[in-house]
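Okay, target-v1.txt is below, compact mmCIF, C-alpha atoms:
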```txt
# COMPACT_ATOMS: atom_id res chain seq x y z
CA MET A 1 14.71 -16.20 4.53
CA LYS A 2 14.27 -15.95 0.79
CA ALA A 3 14.00 -18.98 -1.46
CA VAL A 4 13.79 -19.24 -5.22
CA MET A 5 12.17 -22.19 -6.96
CA SER A 6 12.61 -22.30 -10.72
CA ASN A 7 9.34 -24.24 -10.98
CA VAL A 8 6.76 -24.34 -8.17
CA PRO A 9 5.17 -27.81 -8.00
CA PRO A 10 1.42 -27.76 -8.73
CA GLU A 11 0.65 -29.45 -5.40
CA ILE A 12 2.20 -26.51 -3.49
CA LEU A 13 0.14 -24.01 -5.46
CA ALA A 14 -3.01 -26.12 -4.98
CA TRP A 15 -2.37 -26.38 -1.23
CA ARG A 16 -1.85 -22.59 -0.97
CA LYS A 17 -5.10 -21.96 -2.84
CA THR A 18 -7.08 -24.49 -0.78
CA THR A 19 -5.83 -23.12 2.55
CA GLY A 20 -6.06 -19.45 1.53
CA ALA A 21 -2.31 -18.99 1.95
CA ASP A 22 -2.15 -17.58 -1.59
CA ARG A 23 -4.13 -14.50 -0.52
CA TRP A 24 -0.95 -12.41 -0.25
CA ASP A 25 0.93 -13.91 -3.22
CA GLU A 26 2.04 -11.38 -5.83
CA MET A 27 3.09 -11.70 -9.45
CA TRP A 28 6.15 -9.63 -10.30
CA GLU A 29 6.50 -9.57 -14.10
CA GLY A 30 5.66 -13.26 -14.33
CA VAL A 31 7.56 -14.30 -11.16
CA LEU A 32 5.39 -15.54 -8.30
CA HIS A 33 6.29 -14.09 -4.87
CA LEU A 34 4.89 -16.22 -2.05
CA ALA A 35 4.38 -13.97 0.96
CA PRO A 36 3.47 -15.25 4.41
CA ALA A 37 0.31 -14.06 6.12
CA PRO A 38 0.84 -10.87 8.11
CA ASN A 39 1.05 -11.32 11.85
CA ARG A 40 -1.59 -10.08 14.30
CA VAL A 41 0.13 -6.74 14.99
CA HIS A 42 0.35 -6.07 11.24
CA GLN A 43 -3.31 -6.97 10.75
CA ASP A 44 -4.45 -4.83 13.70
CA LEU A 45 -2.53 -1.82 12.37
CA SER A 46 -3.92 -2.31 8.87
CA PHE A 47 -7.50 -2.57 10.14
CA ALA A 48 -7.20 0.48 12.43
CA LEU A 49 -5.61 2.57 9.69
CA GLU A 50 -8.28 1.56 7.18
CA ALA A 51 -11.06 2.42 9.66
CA TYR A 52 -9.55 5.82 10.40
CA LEU A 53 -9.02 6.67 6.72
CA ARG A 54 -12.53 5.56 5.74
CA ASN A 55 -14.14 7.66 8.46
CA HIS A 56 -11.90 10.74 8.48
CA TRP A 57 -10.69 10.99 4.88
CA ALA A 58 -12.63 8.83 2.39
CA ARG A 59 -16.24 9.50 3.41
CA PRO A 60 -15.91 13.26 4.00
CA ASN A 61 -14.16 13.71 0.64
CA GLY A 62 -16.16 11.28 -1.54
CA CYS A 63 -13.11 9.01 -1.78
CA LYS A 64 -12.54 5.29 -1.14
CA ALA A 65 -10.13 3.19 0.91
CA TYR A 66 -9.57 -0.52 0.33
CA ARG A 67 -7.45 -3.15 2.00
CA GLU A 68 -5.37 -5.80 0.20
CA ILE A 69 -6.41 -5.27 -3.42
CA ASN A 70 -4.38 -6.23 -6.49
CA VAL A 71 -2.78 -3.26 -8.26
CA ALA A 72 -1.68 -3.87 -11.87
CA PRO A 73 -0.35 -1.73 -14.71
CA PRO A 74 -2.64 -1.13 -17.70
CA GLY A 75 -2.79 -4.45 -19.57
CA GLY A 76 -0.66 -6.16 -16.89
CA TRP A 77 -3.28 -8.25 -15.11
CA PRO A 78 -2.70 -11.09 -14.11
CA HIS A 79 0.99 -11.24 -15.06
CA SER A 80 2.20 -8.29 -12.99
CA TYR A 81 0.61 -6.96 -9.82
CA ARG A 82 1.34 -6.06 -6.22
CA ILE A 83 -0.94 -6.15 -3.18
CA PRO A 84 -0.43 -3.14 -0.92
CA ASP A 85 -1.92 -3.21 2.57
CA LEU A 86 -4.18 -0.24 1.73
CA VAL A 87 -5.15 1.61 -1.42
CA LEU A 88 -6.67 5.11 -1.45
CA LEU A 89 -8.74 6.35 -4.39
CA SER A 90 -9.96 9.84 -5.17
CA PRO A 91 -13.06 10.17 -7.42
CA ASP A 92 -10.95 10.99 -10.49
CA ARG A 93 -9.36 7.52 -10.14
CA PHE A 94 -12.50 5.39 -9.57
CA ALA A 95 -12.33 4.14 -13.19
CA ILE A 96 -9.23 2.03 -12.40
CA ASP A 97 -11.43 -0.24 -10.24
CA LYS A 98 -11.93 -3.53 -12.11
CA ASN A 99 -13.32 -5.26 -8.98
CA GLU A 100 -10.68 -8.03 -8.80
CA TYR A 101 -7.83 -5.58 -9.37
CA PHE A 102 -7.06 -1.92 -9.96
CA GLU A 103 -5.64 -1.18 -13.38
CA GLY A 104 -3.44 1.88 -13.06
CA ALA A 105 -2.43 4.34 -10.37
CA PRO A 106 -4.39 4.80 -7.15
CA LEU A 107 -3.87 8.10 -5.32
CA VAL A 108 -1.92 6.46 -2.48
CA VAL A 109 -0.76 2.96 -1.60
CA VAL A 110 0.14 2.03 1.97
CA GLU A 111 2.65 -0.66 2.85
CA ILE A 112 3.03 -1.82 6.43
CA ARG A 113 6.62 -2.96 6.55
CA SER A 114 7.45 -6.13 8.43
CA PRO A 115 11.05 -7.22 8.98
CA HIS A 116 12.61 -8.77 5.85
CA ASP A 117 9.65 -8.08 3.58
CA GLU A 118 9.80 -6.66 0.03
CA THR A 119 8.24 -3.25 0.67
CA TYR A 120 11.10 -1.19 -0.72
CA GLU A 121 11.52 -3.47 -3.74
CA LYS A 122 7.95 -2.52 -4.74
CA LEU A 123 8.71 1.21 -5.04
CA PRO A 124 9.96 1.08 -8.68
CA PHE A 125 6.74 -0.73 -9.68
CA TYR A 126 4.59 1.89 -7.96
CA ALA A 127 6.61 4.68 -9.58
CA SER A 128 6.17 3.09 -13.02
CA LEU A 129 2.39 3.28 -12.49
CA GLY A 130 2.63 6.94 -11.52
CA ILE A 131 1.24 6.55 -7.98
CA PRO A 132 1.66 10.00 -6.39
CA GLU A 133 2.38 8.75 -2.86
CA VAL A 134 3.50 5.59 -1.11
CA TRP A 135 3.20 5.45 2.66
CA VAL A 136 5.52 3.00 4.40
CA ILE A 137 4.73 2.37 8.06
CA GLU A 138 7.06 0.25 10.15
CA ARG A 139 4.98 -2.48 11.75
CA ASP A 140 6.72 -2.51 15.13
CA SER A 141 7.76 1.12 15.74
CA LYS A 142 4.82 2.62 13.78
CA LYS A 143 7.28 5.10 12.25
CA PRO A 144 5.79 6.39 8.99
CA GLU A 145 7.47 7.46 5.77
CA ILE A 146 5.80 9.26 2.88
CA HIS A 147 7.41 8.69 -0.50
CA LEU A 148 6.43 11.36 -3.04
CA LEU A 149 6.62 10.66 -6.77
CA ASP A 150 9.44 12.72 -8.27
CA GLY A 151 10.15 11.93 -11.92
CA ASN A 152 10.73 8.19 -12.29
CA GLY A 153 11.19 7.51 -8.58
CA TYR A 154 10.28 8.63 -5.11
CA ARG A 155 11.75 11.10 -2.65
CA LEU A 156 11.08 11.04 1.07
CA GLN A 157 8.80 13.70 2.51
CA LEU A 158 10.52 15.62 5.30
CA GLU A 159 9.10 15.85 8.81
CA ASP A 160 8.14 19.20 10.29
CA PRO A 161 9.87 20.31 13.54
CA GLU A 162 7.30 18.38 15.63
CA GLY A 163 7.87 15.17 13.67
CA TRP A 164 4.68 15.32 11.57
CA LEU A 165 4.71 14.18 7.94
CA HIS A 166 2.20 15.83 5.61
CA SER A 167 0.53 13.91 2.78
CA PRO A 168 -0.11 16.38 -0.07
CA ALA A 169 -2.45 13.88 -1.77
CA THR A 170 -4.77 13.41 1.21
CA GLY A 171 -4.18 16.29 3.61
CA ILE A 172 -3.50 13.75 6.38
CA GLU A 173 -0.58 14.27 8.76
CA MET A 174 1.09 11.42 10.63
CA ARG A 175 3.87 10.63 13.03
CA ALA A 176 4.94 7.91 15.43
CA SER A 177 4.40 8.67 19.11
CA SER A 178 6.89 7.86 21.83
CA ALA A 179 4.55 5.01 22.83
CA GLU A 180 5.08 3.31 19.43
CA LYS A 181 1.64 4.29 18.18
CA LEU A 182 0.79 5.88 14.86
CA GLN A 183 -0.82 9.29 15.24
CA LEU A 184 -2.94 10.66 12.40
CA ARG A 185 -4.75 13.94 12.01
CA PRO A 186 -6.67 15.46 9.15
CA VAL A 187 -5.65 18.88 7.95
CA ASP A 188 -8.27 21.11 6.34
CA ALA A 189 -7.17 20.97 2.75
CA GLU A 190 -8.83 20.52 -0.59
CA LEU A 191 -7.97 17.43 -2.63
CA PRO A 192 -5.52 18.14 -5.42
CA GLU A 193 -7.02 18.36 -8.90
CA ASP A 194 -5.39 16.56 -11.81
```

Please render this file's structure as structure tokens.
Amino acid sequence: MKAVMSNVPPEILAWRKTTGADRWDEMWEGVLHLAPAPNRVHQDLSFALEAYLRNHWARPNGCKAYREINVAPPGGWPHSYRIPDLVLLSPDRFAIDKNEYFEGAPLVVVEIRSPHDETYEKLPFYASLGIPEVWVIERDSKKPEIHLLDGNGYRLQLEDPEGWLHSPATGIEMRASSAEKLQLRPVDAELPED
């Protein structure tokens, strides 16, 4: 269910801040989007994916992986930002880290898509920042998509004959297994140079 309030009462905002419910709120060009907390399955998938990427991609390549960090356009903080589930940074992008938010394009953002969320509505924002890849992983089926920046938008990466998707930015390959699990494997590849 979506709801629009032309003016959010201060007591609602104060309650959300006090309880921590505002942790996933996003500001879309001055419009506050109040997102519910992700469920346990979503959180488990996010944690497992972050752990894998930190150990098998970030550390070996001198890169970084973060969970639930604000991503804003240059000069856009705090009036326009999104909070992807995961953000991947290569060393050439470390300068966008402003601690409370990232100002500019990470290498990859990962969205775990829950039913009725706004994952796909975020793609134009990510494209406007110039983020090379957006991974969308369905929370329940674990089916991944890799959206590759192509001009002003994204195009879907095609699966190979065995169902694997290849991430050019990271060298990681992924697919959903028949047991509704996400399979990941690193591929020996050098990081792209800008």

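Shortest atom-to-atom contact with A:Asn152 among A:Pro91, A:Pro60, A:Gly20, A:Pro124: A:Pro124, counting only C-alpha atoms.
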
Which residues, written as a list in words, have at least one atom at most 7 Å from A:Ile69, with only C-alpha atoms counted and residues fewer than 5 positions away on the same chain left out? Ile83, Pro84 and Tyr101 of chain A

Box along x, y and z, 5 Å on every side, all listed atoms of stretch 143-157 of chain A inside: centre and edge lengths in Å to one decimal, as JSON.
```
{"center_x": 8.8, "center_y": 9.4, "center_z": 0.0, "size_x": 16.0, "size_y": 18.6, "size_z": 34.5}
```

Taking (5.1, -4.3, 5.5) in the file's own coordinates, collect the residues within 9 Å, counting all atoms listed in the file, and hand them back as an mmCIF file with C-alpha atoms, in the coordinates of the input.
```cif
data_model
loop_
_atom_site.group_PDB
_atom_site.id
_atom_site.type_symbol
_atom_site.label_atom_id
_atom_site.label_comp_id
_atom_site.auth_asym_id
_atom_site.auth_seq_id
_atom_site.Cartn_x
_atom_site.Cartn_y
_atom_site.Cartn_z
ATOM 1 C CA PRO A 38 0.840 -10.870 8.110
ATOM 2 C CA HIS A 42 0.350 -6.070 11.240
ATOM 3 C CA PRO A 84 -0.430 -3.140 -0.920
ATOM 4 C CA ASP A 85 -1.920 -3.210 2.570
ATOM 5 C CA VAL A 110 0.140 2.030 1.970
ATOM 6 C CA GLU A 111 2.650 -0.660 2.850
ATOM 7 C CA ILE A 112 3.030 -1.820 6.430
ATOM 8 C CA ARG A 113 6.620 -2.960 6.550
ATOM 9 C CA SER A 114 7.450 -6.130 8.430
ATOM 10 C CA PRO A 115 11.050 -7.220 8.980
ATOM 11 C CA HIS A 116 12.610 -8.770 5.850
ATOM 12 C CA ASP A 117 9.650 -8.080 3.580
ATOM 13 C CA GLU A 118 9.800 -6.660 0.030
ATOM 14 C CA THR A 119 8.240 -3.250 0.670
ATOM 15 C CA VAL A 136 5.520 3.000 4.400
ATOM 16 C CA ILE A 137 4.730 2.370 8.060
ATOM 17 C CA GLU A 138 7.060 0.250 10.150
ATOM 18 C CA ARG A 139 4.980 -2.480 11.750
#
```

Could you list, as a ChimeraX atom specification, every residue within 8 Å of A:Arg93, counting all atoms listed in the file and ignoring same-chain residues fewer than 6 positions away? /A:105-107

List the neighbours of stretch 162-164 of chain A out to 8 Å using all atoms listed in the file; skip same-chain residues closer than 5 positions along the sequence, and give me the result as a list of chain:residue names. A:Glu173, A:Met174, A:Arg175

Select, from A:His33, A:His56, A:Arg23, A:Arg40, the residue with the minimum atom-to-atom distance to A:Asn70, counting all atoms listed in the file. A:Arg23

Identify the residues around (-15.9, 10.2, -1.5) within a radius of 12 Å, measuring from all atoms listed in the file in the coordinates stated by the file, and give them as a list in words. Leu53, Arg54, Asn55, His56, Trp57, Ala58, Arg59, Pro60, Asn61, Gly62, Cys63, Lys64, Ala65, Leu88, Leu89, Ser90, Pro91, Asp92, Arg93, Phe94, Thr170 and Leu191 of chain A

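Checking A:Ile12, A:Pro78, A:Thr18, A:Tyr66 one by one against A:Gly30, counting only C-alpha atoms, you find the shortest gap at A:Pro78.
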
Pick the closest to A:Ile131 from A:Glu26, A:Gln157, A:Lys143, A:Ala72: which is it, counting all atoms listed in the file? A:Ala72

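Using all atoms listed in the file, the nearest neighbour of A:Val108 within the list A:Ala51, A:Ala169, A:Leu129, A:Leu156 is A:Ala169.
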
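Between atom CA of A:Leu32 and atom CA of A:Glu103 lies a distance of 18.8 Å.
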
Residue among A:Leu86, A:Leu123, A:Val8, A:Leu45 lying closest to A:Ser141, counting only C-alpha atoms: A:Leu45

Gap from atom CA of A:Leu165 to atom CA of A:Ile146 - Å, one decimal: 7.1 Å

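With atom CA of A:Asp140 on one side and atom CA of A:Pro36 on the other, the separation reads 17.0 Å.
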